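S.K.: I have a structure I would like to understand better, so I am pasting it below and will then ask my questions one at a time.
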Amino acid sequence: MASGRCRGTEVLVIDGQERFRRRVIESLSPIGYEVFPASSWLGAQQLIAGRLIAPDVVLIEPAATGPSKPVDLAQVCGQVRPAPVVVLSSRREPGTIVEAIKAGASDYICKPIEAKQLQHTIRQALDAKKNGHSVVPQPDEQESEFVFCNERMLQIRQMILQMADIEVPVLIHGQTGVGKDILARMIHASSPRASRRYVKVNCAALPSGLVESELFGHEKGAFTGAHGDRPGKFEFARGGTIFLDEVTEFSPEAQAKLLQVLQEKKFTRLGGNREIEADVRIVAASNRNIEEAIEQGVFREDLYYRLNVVNIEVPPLRQRKDEIEALSRHFLRRFAREFDSPLQTALPAKLLQAFQAYHWPGNVRELENVVKRYVVLQDADSICAELSAKTPDDLLGCVDEITENALSSPGDRLDLRMLRRQAVSMVEKSMIRKALLRSRWNKRRTASYLGVSYKTLLSKIAHYEIRP
């Protein structure tokens with residue numbers, strides 16, 4: 001390998017089967033790629049360390065072993081970065097594919113592999129390296145509700161793009177207002193079902209007695225007032241995607257019916273006998289800790305495992321403040337157009353500084369509402385003053401009080417779960433009380449401000465015994 005040669009696109013292929021390595025060389029060499037084979041990750045490391053290759057893309061079979069154990073895919077992705085890593089494997093289990101994407105792989109191809117498929121995948125990986133991660137499109141330069149600038153959010157975006165066409169359920173975790181609906185829409189828009197309906201169901205808002213009818217429909221005479229046949233949400237979403245928001249709010253009966261749909265891919269209308277095929281992609285979301293809900297007996301463990309094939313954890317806005325400026329520009333552009341306001345390219349510097357200092361308990365939804373208020377009223381000074389006044393110091397004081405009491409109490413052991421529940425309850429009660437005072441006890445406005453449903457707010461007011 002002469003050092004003075006004109007370097008083309010270098011592809012490193014790591015696979016324990018010599019026949020497969022030869023097939024890759026035969027598929028890629030005729031179209032100009034320089035392919036360097038290695039039977040193991042150890043051998044590939046020697047090529048890289050000896051500067052015999054600086055790979056532009058890495059193809060790897062995770063079963064390719066080192067001296068004694070399978071390769072650590074996350075380690076491979078970290079060491080060859082920024083070169084994209086494409087997994088070539090005979091394993092087809094959705095969980096395996098998800099783990100590979102989480103480890104940092106840019107794509108996953110199941111063997112056997114056609115030459116054209118391999119060539120297309122490499123071109124996509126190189127294009128993503130060139131355009132997808134080095135330059136993040138600014139939201140005010142494209143009409144899109146998907147804004148990803150933070151590293152963790154870019155990883156989520158990559159996972160969604162890789163998993164969208166795999167027909168398995170997806171479970172999205174995250175606080176209220178982080179954008180779970182946006183991610184669900186992106187999964188739908190990136191899937192083969194994109195041309196069909198996307199149906200959102202707010203599980204907490206469904207009346208408990210009508211959940212089954214709303215989801216699965218009913219036949220004439222099924223109950224008092226059922227004067228005709230009525231299809232439910234699952235039939236309405238046929239061929240498309242159904243998004244079950246706040247799925248942990250379902251009653252035990254609704255959970256049992258949903259589990260049946262996931263297992264059998266069929267359901268019957270309320271009061272009917274005819275089985276209907278459930279041709280839908282299910283995406284579910286929750287802002288609760290589902291493991292705790294299972295422990296408390298309010299959510300079925302078997303349903304959780306059925307839904308939790310692909311798991312996406314969305315961080316709160318305060319953990320991705322590097323997205324605040326981009327999100328603000330996005331909302332600024334949208335609301336300026338909506339309210340026919342003079343278009344601005346950016347927020348005032350003092351307002352952006354206030355945004356960066358604020359803790360955003362309502363997450364992206366709260367940021368959206370604040371930007372809307374600025375566009376309508378142009379009151380940057382009052383917004384800055386309000387945000388600076390809503391510091392979390394008093395809430396942190398609640399946590400400190402719980403901690404001091406726990407440490408000063410007799411006994412040799414602390415129950416961290418109990419302490420966490422106490423802290424969450426105190427903070428939540430304090431926030432609800434302050435929000436109610438701020439809105440002069442307008443409960444609907446308070447629910448909107450806190451980013452919860454009206455029903456959830458009423459339940460929490462009763463639980464914490466909050467009085468005017």
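In the structure tokens, each chain is lettered A, B, ... as it comes, each chain's residues begin at 1, and ligands are numbered from 1 in order of appearance.
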Neighbouring residues of Ile172 of chain A were defined as those with any atom within 8 Å, considering only C-alpha atoms; residues of the same chain fewer than 3 positions away were excluded. Please report them as a PyMOL selection string.

M.R.: chain A and resi 180+283-286+311-314

S.K.: Could you name the residues that touch Thr121 of chain A at 9 Å or less, counting only C-alpha atoms, but leaving out those on the same chain fewer than 5 positions away, as a PyMOL selection string?

M.R.: chain A and resi 86+107+109+116+126

S.K.: Output all heavy atoms for every residue in that selection, as a compact mmCIF listing (two decimals), in the first residue's frame.

M.R.:
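Listing of out-v2.txt after writing:
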```txt
# COMPACT_ATOMS: atom_id res chain seq x y z
N VAL A 86 -21.59 0.16 10.01
CA VAL A 86 -22.76 -0.58 9.53
C VAL A 86 -22.62 -2.03 9.98
O VAL A 86 -21.60 -2.67 9.72
CB VAL A 86 -22.86 -0.52 7.99
CG1 VAL A 86 -24.04 -1.36 7.49
CG2 VAL A 86 -23.00 0.92 7.52
N ASP A 107 -26.35 1.84 10.72
CA ASP A 107 -27.32 1.02 9.99
C ASP A 107 -27.11 -0.44 10.36
O ASP A 107 -26.08 -0.82 10.95
CB ASP A 107 -27.16 1.21 8.48
CG ASP A 107 -28.48 1.04 7.73
OD1 ASP A 107 -29.36 0.34 8.27
OD2 ASP A 107 -28.65 1.60 6.65
N ILE A 109 -27.87 -4.37 8.58
CA ILE A 109 -28.34 -5.16 7.43
C ILE A 109 -28.30 -6.63 7.81
O ILE A 109 -27.30 -7.12 8.35
CB ILE A 109 -27.47 -4.94 6.18
CG1 ILE A 109 -27.29 -3.46 5.90
CG2 ILE A 109 -28.06 -5.64 4.98
CD1 ILE A 109 -26.40 -3.18 4.70
N LYS A 116 -26.28 -4.66 -4.50
CA LYS A 116 -26.89 -3.33 -4.65
C LYS A 116 -27.33 -2.78 -3.30
O LYS A 116 -27.22 -1.58 -3.03
CB LYS A 116 -28.08 -3.41 -5.61
CG LYS A 116 -27.67 -3.61 -7.08
CD LYS A 116 -28.88 -3.55 -7.99
CE LYS A 116 -28.47 -3.70 -9.46
NZ LYS A 116 -29.64 -3.66 -10.36
N LEU A 126 -22.37 7.29 4.18
CA LEU A 126 -21.41 8.36 3.86
C LEU A 126 -22.12 9.71 3.73
O LEU A 126 -21.59 10.74 4.16
CB LEU A 126 -20.65 8.03 2.59
CG LEU A 126 -19.69 6.83 2.70
CD1 LEU A 126 -19.15 6.45 1.33
CD2 LEU A 126 -18.54 7.16 3.65
```

S.K.: Find the residues near Ile461 of chain A: any atom within 12 Å, counting only C-alpha atoms, skip ones fewer than 2 places away on the same chain, and give them as a PDB file with all heavy atoms, in the first residue's frame.

M.R.:
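Dumped everything to around_22.pdb:
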```pdb
ATOM      1  N   SER A 425     -43.330  14.421  45.624  1.00  0.00           N
ATOM      2  CA  SER A 425     -44.653  14.875  46.062  1.00  0.00           C
ATOM      3  C   SER A 425     -44.611  16.311  46.555  1.00  0.00           C
ATOM      4  O   SER A 425     -45.482  17.128  46.219  1.00  0.00           O
ATOM      5  CB  SER A 425     -45.182  13.957  47.180  1.00  0.00           C
ATOM      6  OG  SER A 425     -45.400  12.655  46.685  1.00  0.00           O
ATOM      7  N   GLU A 428     -44.057  18.651  43.555  1.00  0.00           N
ATOM      8  CA  GLU A 428     -45.254  18.683  42.719  1.00  0.00           C
ATOM      9  C   GLU A 428     -46.362  19.493  43.389  1.00  0.00           C
ATOM     10  O   GLU A 428     -47.015  20.339  42.749  1.00  0.00           O
ATOM     11  CB  GLU A 428     -45.722  17.257  42.451  1.00  0.00           C
ATOM     12  CG  GLU A 428     -46.769  17.143  41.368  1.00  0.00           C
ATOM     13  CD  GLU A 428     -47.033  15.703  40.981  1.00  0.00           C
ATOM     14  OE1 GLU A 428     -47.492  14.935  41.861  1.00  0.00           O
ATOM     15  OE2 GLU A 428     -46.788  15.342  39.824  1.00  0.00           O
ATOM     16  N   LYS A 429     -46.565  19.270  44.676  1.00  0.00           N
ATOM     17  CA  LYS A 429     -47.601  20.005  45.405  1.00  0.00           C
ATOM     18  C   LYS A 429     -47.302  21.502  45.398  1.00  0.00           C
ATOM     19  O   LYS A 429     -48.200  22.340  45.182  1.00  0.00           O
ATOM     20  CB  LYS A 429     -47.683  19.484  46.839  1.00  0.00           C
ATOM     21  CG  LYS A 429     -48.759  20.169  47.674  1.00  0.00           C
ATOM     22  CD  LYS A 429     -48.822  19.550  49.074  1.00  0.00           C
ATOM     23  CE  LYS A 429     -49.890  20.233  49.929  1.00  0.00           C
ATOM     24  NZ  LYS A 429     -49.976  19.629  51.279  1.00  0.00           N
ATOM     25  N   SER A 430     -46.026  21.857  45.605  1.00  0.00           N
ATOM     26  CA  SER A 430     -45.639  23.271  45.618  1.00  0.00           C
ATOM     27  C   SER A 430     -45.865  23.919  44.264  1.00  0.00           C
ATOM     28  O   SER A 430     -46.393  25.036  44.167  1.00  0.00           O
ATOM     29  CB  SER A 430     -44.164  23.405  46.030  1.00  0.00           C
ATOM     30  OG  SER A 430     -43.747  24.752  45.996  1.00  0.00           O
ATOM     31  N   MET A 431     -45.493  23.208  43.182  1.00  0.00           N
ATOM     32  CA  MET A 431     -45.663  23.753  41.834  1.00  0.00           C
ATOM     33  C   MET A 431     -47.140  23.928  41.490  1.00  0.00           C
ATOM     34  O   MET A 431     -47.537  24.941  40.906  1.00  0.00           O
ATOM     35  CB  MET A 431     -44.995  22.838  40.801  1.00  0.00           C
ATOM     36  CG  MET A 431     -43.477  22.896  40.807  1.00  0.00           C
ATOM     37  SD  MET A 431     -42.841  24.528  40.372  1.00  0.00           S
ATOM     38  CE  MET A 431     -43.416  24.688  38.690  1.00  0.00           C
ATOM     39  N   ILE A 432     -47.967  22.960  41.878  1.00  0.00           N
ATOM     40  CA  ILE A 432     -49.399  23.053  41.575  1.00  0.00           C
ATOM     41  C   ILE A 432     -50.026  24.226  42.334  1.00  0.00           C
ATOM     42  O   ILE A 432     -50.799  24.997  41.773  1.00  0.00           O
ATOM     43  CB  ILE A 432     -50.113  21.729  41.922  1.00  0.00           C
ATOM     44  CG1 ILE A 432     -49.659  20.618  40.971  1.00  0.00           C
ATOM     45  CG2 ILE A 432     -51.625  21.892  41.845  1.00  0.00           C
ATOM     46  CD1 ILE A 432     -50.166  19.244  41.352  1.00  0.00           C
ATOM     47  N   ARG A 433     -49.678  24.359  43.615  1.00  0.00           N
ATOM     48  CA  ARG A 433     -50.231  25.456  44.411  1.00  0.00           C
ATOM     49  C   ARG A 433     -49.841  26.812  43.810  1.00  0.00           C
ATOM     50  O   ARG A 433     -50.674  27.717  43.666  1.00  0.00           O
ATOM     51  CB  ARG A 433     -49.748  25.363  45.853  1.00  0.00           C
ATOM     52  CG  ARG A 433     -50.343  26.455  46.747  1.00  0.00           C
ATOM     53  CD  ARG A 433     -49.750  26.471  48.140  1.00  0.00           C
ATOM     54  NE  ARG A 433     -50.139  25.302  48.910  1.00  0.00           N
ATOM     55  CZ  ARG A 433     -49.300  24.369  49.332  1.00  0.00           C
ATOM     56  NH1 ARG A 433     -48.032  24.449  49.011  1.00  0.00           N
ATOM     57  NH2 ARG A 433     -49.725  23.360  50.033  1.00  0.00           N
ATOM     58  N   ALA A 435     -48.900  27.465  40.720  1.00  0.00           N
ATOM     59  CA  ALA A 435     -49.534  27.658  39.410  1.00  0.00           C
ATOM     60  C   ALA A 435     -50.999  28.056  39.562  1.00  0.00           C
ATOM     61  O   ALA A 435     -51.511  28.888  38.803  1.00  0.00           O
ATOM     62  CB  ALA A 435     -49.411  26.385  38.579  1.00  0.00           C
ATOM     63  N   LEU A 436     -51.684  27.472  40.553  1.00  0.00           N
ATOM     64  CA  LEU A 436     -53.080  27.838  40.795  1.00  0.00           C
ATOM     65  C   LEU A 436     -53.195  29.293  41.252  1.00  0.00           C
ATOM     66  O   LEU A 436     -54.081  30.035  40.816  1.00  0.00           O
ATOM     67  CB  LEU A 436     -53.683  26.908  41.846  1.00  0.00           C
ATOM     68  CG  LEU A 436     -54.035  25.491  41.368  1.00  0.00           C
ATOM     69  CD1 LEU A 436     -54.281  24.572  42.561  1.00  0.00           C
ATOM     70  CD2 LEU A 436     -55.240  25.513  40.449  1.00  0.00           C
ATOM     71  N   TRP A 441     -56.696  30.530  40.388  1.00  0.00           N
ATOM     72  CA  TRP A 441     -57.485  29.310  40.525  1.00  0.00           C
ATOM     73  C   TRP A 441     -58.319  28.976  39.287  1.00  0.00           C
ATOM     74  O   TRP A 441     -59.350  28.330  39.375  1.00  0.00           O
ATOM     75  CB  TRP A 441     -58.364  29.351  41.779  1.00  0.00           C
ATOM     76  CG  TRP A 441     -57.601  28.827  42.962  1.00  0.00           C
ATOM     77  CD1 TRP A 441     -56.697  29.507  43.716  1.00  0.00           C
ATOM     78  CD2 TRP A 441     -57.617  27.490  43.469  1.00  0.00           C
ATOM     79  NE1 TRP A 441     -56.142  28.700  44.667  1.00  0.00           N
ATOM     80  CE2 TRP A 441     -56.710  27.453  44.553  1.00  0.00           C
ATOM     81  CE3 TRP A 441     -58.315  26.345  43.132  1.00  0.00           C
ATOM     82  CZ2 TRP A 441     -56.468  26.295  45.291  1.00  0.00           C
ATOM     83  CZ3 TRP A 441     -58.087  25.192  43.866  1.00  0.00           C
ATOM     84  CH2 TRP A 441     -57.175  25.174  44.932  1.00  0.00           C
ATOM     85  N   LYS A 443     -58.536  26.523  36.808  1.00  0.00           N
ATOM     86  CA  LYS A 443     -57.939  25.187  36.734  1.00  0.00           C
ATOM     87  C   LYS A 443     -57.564  24.782  35.316  1.00  0.00           C
ATOM     88  O   LYS A 443     -56.559  24.102  35.100  1.00  0.00           O
ATOM     89  CB  LYS A 443     -58.900  24.170  37.360  1.00  0.00           C
ATOM     90  CG  LYS A 443     -59.100  24.387  38.848  1.00  0.00           C
ATOM     91  CD  LYS A 443     -60.131  23.428  39.421  1.00  0.00           C
ATOM     92  CE  LYS A 443     -60.430  23.749  40.877  1.00  0.00           C
ATOM     93  NZ  LYS A 443     -61.507  22.878  41.413  1.00  0.00           N
ATOM     94  N   THR A 446     -54.425  26.521  34.520  1.00  0.00           N
ATOM     95  CA  THR A 446     -53.343  25.900  35.298  1.00  0.00           C
ATOM     96  C   THR A 446     -52.896  24.586  34.667  1.00  0.00           C
ATOM     97  O   THR A 446     -51.699  24.311  34.561  1.00  0.00           O
ATOM     98  CB  THR A 446     -53.809  25.649  36.750  1.00  0.00           C
ATOM     99  OG1 THR A 446     -54.161  26.892  37.338  1.00  0.00           O
ATOM    100  CG2 THR A 446     -52.705  25.003  37.563  1.00  0.00           C
ATOM    101  N   ALA A 447     -53.863  23.779  34.253  1.00  0.00           N
ATOM    102  CA  ALA A 447     -53.525  22.499  33.609  1.00  0.00           C
ATOM    103  C   ALA A 447     -52.717  22.729  32.342  1.00  0.00           C
ATOM    104  O   ALA A 447     -51.721  22.034  32.081  1.00  0.00           O
ATOM    105  CB  ALA A 447     -54.799  21.718  33.298  1.00  0.00           C
ATOM    106  N   TYR A 454     -56.629  18.219  32.207  1.00  0.00           N
ATOM    107  CA  TYR A 454     -57.517  18.791  33.232  1.00  0.00           C
ATOM    108  C   TYR A 454     -57.890  17.722  34.260  1.00  0.00           C
ATOM    109  O   TYR A 454     -57.909  17.978  35.470  1.00  0.00           O
ATOM    110  CB  TYR A 454     -58.768  19.355  32.551  1.00  0.00           C
ATOM    111  CG  TYR A 454     -59.752  20.027  33.479  1.00  0.00           C
ATOM    112  CD1 TYR A 454     -59.435  21.227  34.118  1.00  0.00           C
ATOM    113  CD2 TYR A 454     -61.009  19.470  33.707  1.00  0.00           C
ATOM    114  CE1 TYR A 454     -60.336  21.845  34.972  1.00  0.00           C
ATOM    115  CE2 TYR A 454     -61.926  20.088  34.558  1.00  0.00           C
ATOM    116  CZ  TYR A 454     -61.586  21.277  35.189  1.00  0.00           C
ATOM    117  OH  TYR A 454     -62.476  21.890  36.024  1.00  0.00           O
ATOM    118  N   LYS A 455     -58.134  16.507  33.767  1.00  0.00           N
ATOM    119  CA  LYS A 455     -58.495  15.406  34.652  1.00  0.00           C
ATOM    120  C   LYS A 455     -57.356  15.081  35.621  1.00  0.00           C
ATOM    121  O   LYS A 455     -57.576  14.847  36.814  1.00  0.00           O
ATOM    122  CB  LYS A 455     -58.852  14.175  33.810  1.00  0.00           C
ATOM    123  CG  LYS A 455     -59.211  12.938  34.610  1.00  0.00           C
ATOM    124  CD  LYS A 455     -59.517  11.788  33.661  1.00  0.00           C
ATOM    125  CE  LYS A 455     -59.790  10.497  34.434  1.00  0.00           C
ATOM    126  NZ  LYS A 455     -60.044   9.358  33.519  1.00  0.00           N
ATOM    127  N   THR A 456     -56.110  15.092  35.107  1.00  0.00           N
ATOM    128  CA  THR A 456     -54.952  14.806  35.956  1.00  0.00           C
ATOM    129  C   THR A 456     -54.787  15.871  37.028  1.00  0.00           C
ATOM    130  O   THR A 456     -54.500  15.571  38.191  1.00  0.00           O
ATOM    131  CB  THR A 456     -53.681  14.721  35.096  1.00  0.00           C
ATOM    132  OG1 THR A 456     -53.820  13.649  34.155  1.00  0.00           O
ATOM    133  CG2 THR A 456     -52.451  14.459  35.953  1.00  0.00           C
ATOM    134  N   LEU A 457     -54.975  17.157  36.644  1.00  0.00           N
ATOM    135  CA  LEU A 457     -54.845  18.240  37.616  1.00  0.00           C
ATOM    136  C   LEU A 457     -55.872  18.097  38.738  1.00  0.00           C
ATOM    137  O   LEU A 457     -55.540  18.238  39.924  1.00  0.00           O
ATOM    138  CB  LEU A 457     -54.997  19.597  36.923  1.00  0.00           C
ATOM    139  CG  LEU A 457     -54.953  20.807  37.862  1.00  0.00           C
ATOM    140  CD1 LEU A 457     -53.593  20.921  38.532  1.00  0.00           C
ATOM    141  CD2 LEU A 457     -55.309  22.085  37.109  1.00  0.00           C
ATOM    142  N   LEU A 458     -57.134  17.825  38.393  1.00  0.00           N
ATOM    143  CA  LEU A 458     -58.170  17.664  39.419  1.00  0.00           C
ATOM    144  C   LEU A 458     -57.818  16.527  40.377  1.00  0.00           C
ATOM    145  O   LEU A 458     -58.026  16.629  41.592  1.00  0.00           O
ATOM    146  CB  LEU A 458     -59.523  17.394  38.757  1.00  0.00           C
ATOM    147  CG  LEU A 458     -60.125  18.529  37.916  1.00  0.00           C
ATOM    148  CD1 LEU A 458     -61.476  18.097  37.355  1.00  0.00           C
ATOM    149  CD2 LEU A 458     -60.273  19.806  38.737  1.00  0.00           C
ATOM    150  N   SER A 459     -57.277  15.445  39.811  1.00  0.00           N
ATOM    151  CA  SER A 459     -56.912  14.293  40.634  1.00  0.00           C
ATOM    152  C   SER A 459     -55.803  14.663  41.615  1.00  0.00           C
ATOM    153  O   SER A 459     -55.842  14.280  42.788  1.00  0.00           O
ATOM    154  CB  SER A 459     -56.458  13.141  39.730  1.00  0.00           C
ATOM    155  OG  SER A 459     -55.958  12.066  40.494  1.00  0.00           O
ATOM    156  N   HIS A 463     -55.715  14.775  45.640  1.00  0.00           N
ATOM    157  CA  HIS A 463     -54.727  13.939  46.334  1.00  0.00           C
ATOM    158  C   HIS A 463     -53.925  14.750  47.352  1.00  0.00           C
ATOM    159  O   HIS A 463     -53.691  14.283  48.490  1.00  0.00           O
ATOM    160  CB  HIS A 463     -53.794  13.299  45.308  1.00  0.00           C
ATOM    161  CG  HIS A 463     -52.657  12.538  45.910  1.00  0.00           C
ATOM    162  ND1 HIS A 463     -52.835  11.329  46.546  1.00  0.00           N
ATOM    163  CD2 HIS A 463     -51.316  12.826  45.998  1.00  0.00           C
ATOM    164  CE1 HIS A 463     -51.662  10.894  46.999  1.00  0.00           C
ATOM    165  NE2 HIS A 463     -50.733  11.780  46.663  1.00  0.00           N
ATOM    166  N   TYR A 464     -53.494  15.945  46.967  1.00  0.00           N
ATOM    167  CA  TYR A 464     -52.686  16.777  47.864  1.00  0.00           C
ATOM    168  C   TYR A 464     -53.528  17.660  48.776  1.00  0.00           C
ATOM    169  O   TYR A 464     -52.982  18.424  49.573  1.00  0.00           O
ATOM    170  CB  TYR A 464     -51.727  17.641  47.036  1.00  0.00           C
ATOM    171  CG  TYR A 464     -50.663  16.862  46.319  1.00  0.00           C
ATOM    172  CD1 TYR A 464     -50.487  16.993  44.943  1.00  0.00           C
ATOM    173  CD2 TYR A 464     -49.817  15.992  47.007  1.00  0.00           C
ATOM    174  CE1 TYR A 464     -49.504  16.267  44.269  1.00  0.00           C
ATOM    175  CE2 TYR A 464     -48.838  15.264  46.343  1.00  0.00           C
ATOM    176  CZ  TYR A 464     -48.691  15.407  44.980  1.00  0.00           C
ATOM    177  OH  TYR A 464     -47.717  14.695  44.323  1.00  0.00           O
ATOM    178  N   GLU A 465     -54.859  17.582  48.630  1.00  0.00           N
ATOM    179  CA  GLU A 465     -55.791  18.344  49.447  1.00  0.00           C
ATOM    180  C   GLU A 465     -55.457  19.840  49.387  1.00  0.00           C
ATOM    181  O   GLU A 465     -55.357  20.522  50.412  1.00  0.00           O
ATOM    182  CB  GLU A 465     -55.771  17.847  50.897  1.00  0.00           C
ATOM    183  CG  GLU A 465     -56.213  16.390  51.035  1.00  0.00           C
ATOM    184  CD  GLU A 465     -56.213  15.917  52.480  1.00  0.00           C
ATOM    185  OE1 GLU A 465     -55.642  16.623  53.322  1.00  0.00           O
ATOM    186  OE2 GLU A 465     -56.775  14.841  52.745  1.00  0.00           O
ATOM    187  N   ILE A 466     -55.278  20.341  48.192  1.00  0.00           N
ATOM    188  CA  ILE A 466     -54.972  21.761  47.995  1.00  0.00           C
ATOM    189  C   ILE A 466     -56.274  22.548  48.003  1.00  0.00           C
ATOM    190  O   ILE A 466     -57.211  22.223  47.276  1.00  0.00           O
ATOM    191  CB  ILE A 466     -54.207  21.973  46.671  1.00  0.00           C
ATOM    192  CG1 ILE A 466     -52.917  21.164  46.669  1.00  0.00           C
ATOM    193  CG2 ILE A 466     -53.926  23.460  46.435  1.00  0.00           C
ATOM    194  CD1 ILE A 466     -52.174  21.179  45.348  1.00  0.00           C
ATOM    195  N   ARG A 467     -56.338  23.569  48.836  1.00  0.00           N
ATOM    196  CA  ARG A 467     -57.545  24.383  48.954  1.00  0.00           C
ATOM    197  C   ARG A 467     -57.241  25.837  48.632  1.00  0.00           C
ATOM    198  O   ARG A 467     -56.134  26.309  48.850  1.00  0.00           O
ATOM    199  CB  ARG A 467     -58.091  24.303  50.392  1.00  0.00           C
ATOM    200  CG  ARG A 467     -58.473  22.898  50.836  1.00  0.00           C
ATOM    201  CD  ARG A 467     -59.769  22.438  50.175  1.00  0.00           C
ATOM    202  NE  ARG A 467     -60.169  21.119  50.663  1.00  0.00           N
ATOM    203  CZ  ARG A 467     -59.839  19.975  50.077  1.00  0.00           C
ATOM    204  NH1 ARG A 467     -59.093  20.002  48.993  1.00  0.00           N
ATOM    205  NH2 ARG A 467     -60.243  18.822  50.573  1.00  0.00           N
ATOM    206  N   PRO A 468     -58.240  26.596  48.146  1.00  0.00           N
ATOM    207  CA  PRO A 468     -58.022  28.021  47.879  1.00  0.00           C
ATOM    208  C   PRO A 468     -57.662  28.764  49.161  1.00  0.00           C
ATOM    209  O   PRO A 468     -58.167  28.449  50.228  1.00  0.00           O
ATOM    210  CB  PRO A 468     -59.369  28.498  47.320  1.00  0.00           C
ATOM    211  CG  PRO A 468     -60.052  27.274  46.821  1.00  0.00           C
ATOM    212  CD  PRO A 468     -59.594  26.172  47.721  1.00  0.00           C
TER     213      PRO A 468
END
```

S.K.: Fewer than 6 positions away in the same chain doesn't count, so skip those; otherwise give me all residues within 12 Å of Ser27 of chain A, counting only C-alpha atoms, as a PyMOL selection string.

M.R.: chain A and resi 11+20-21+33-35+113-120+122
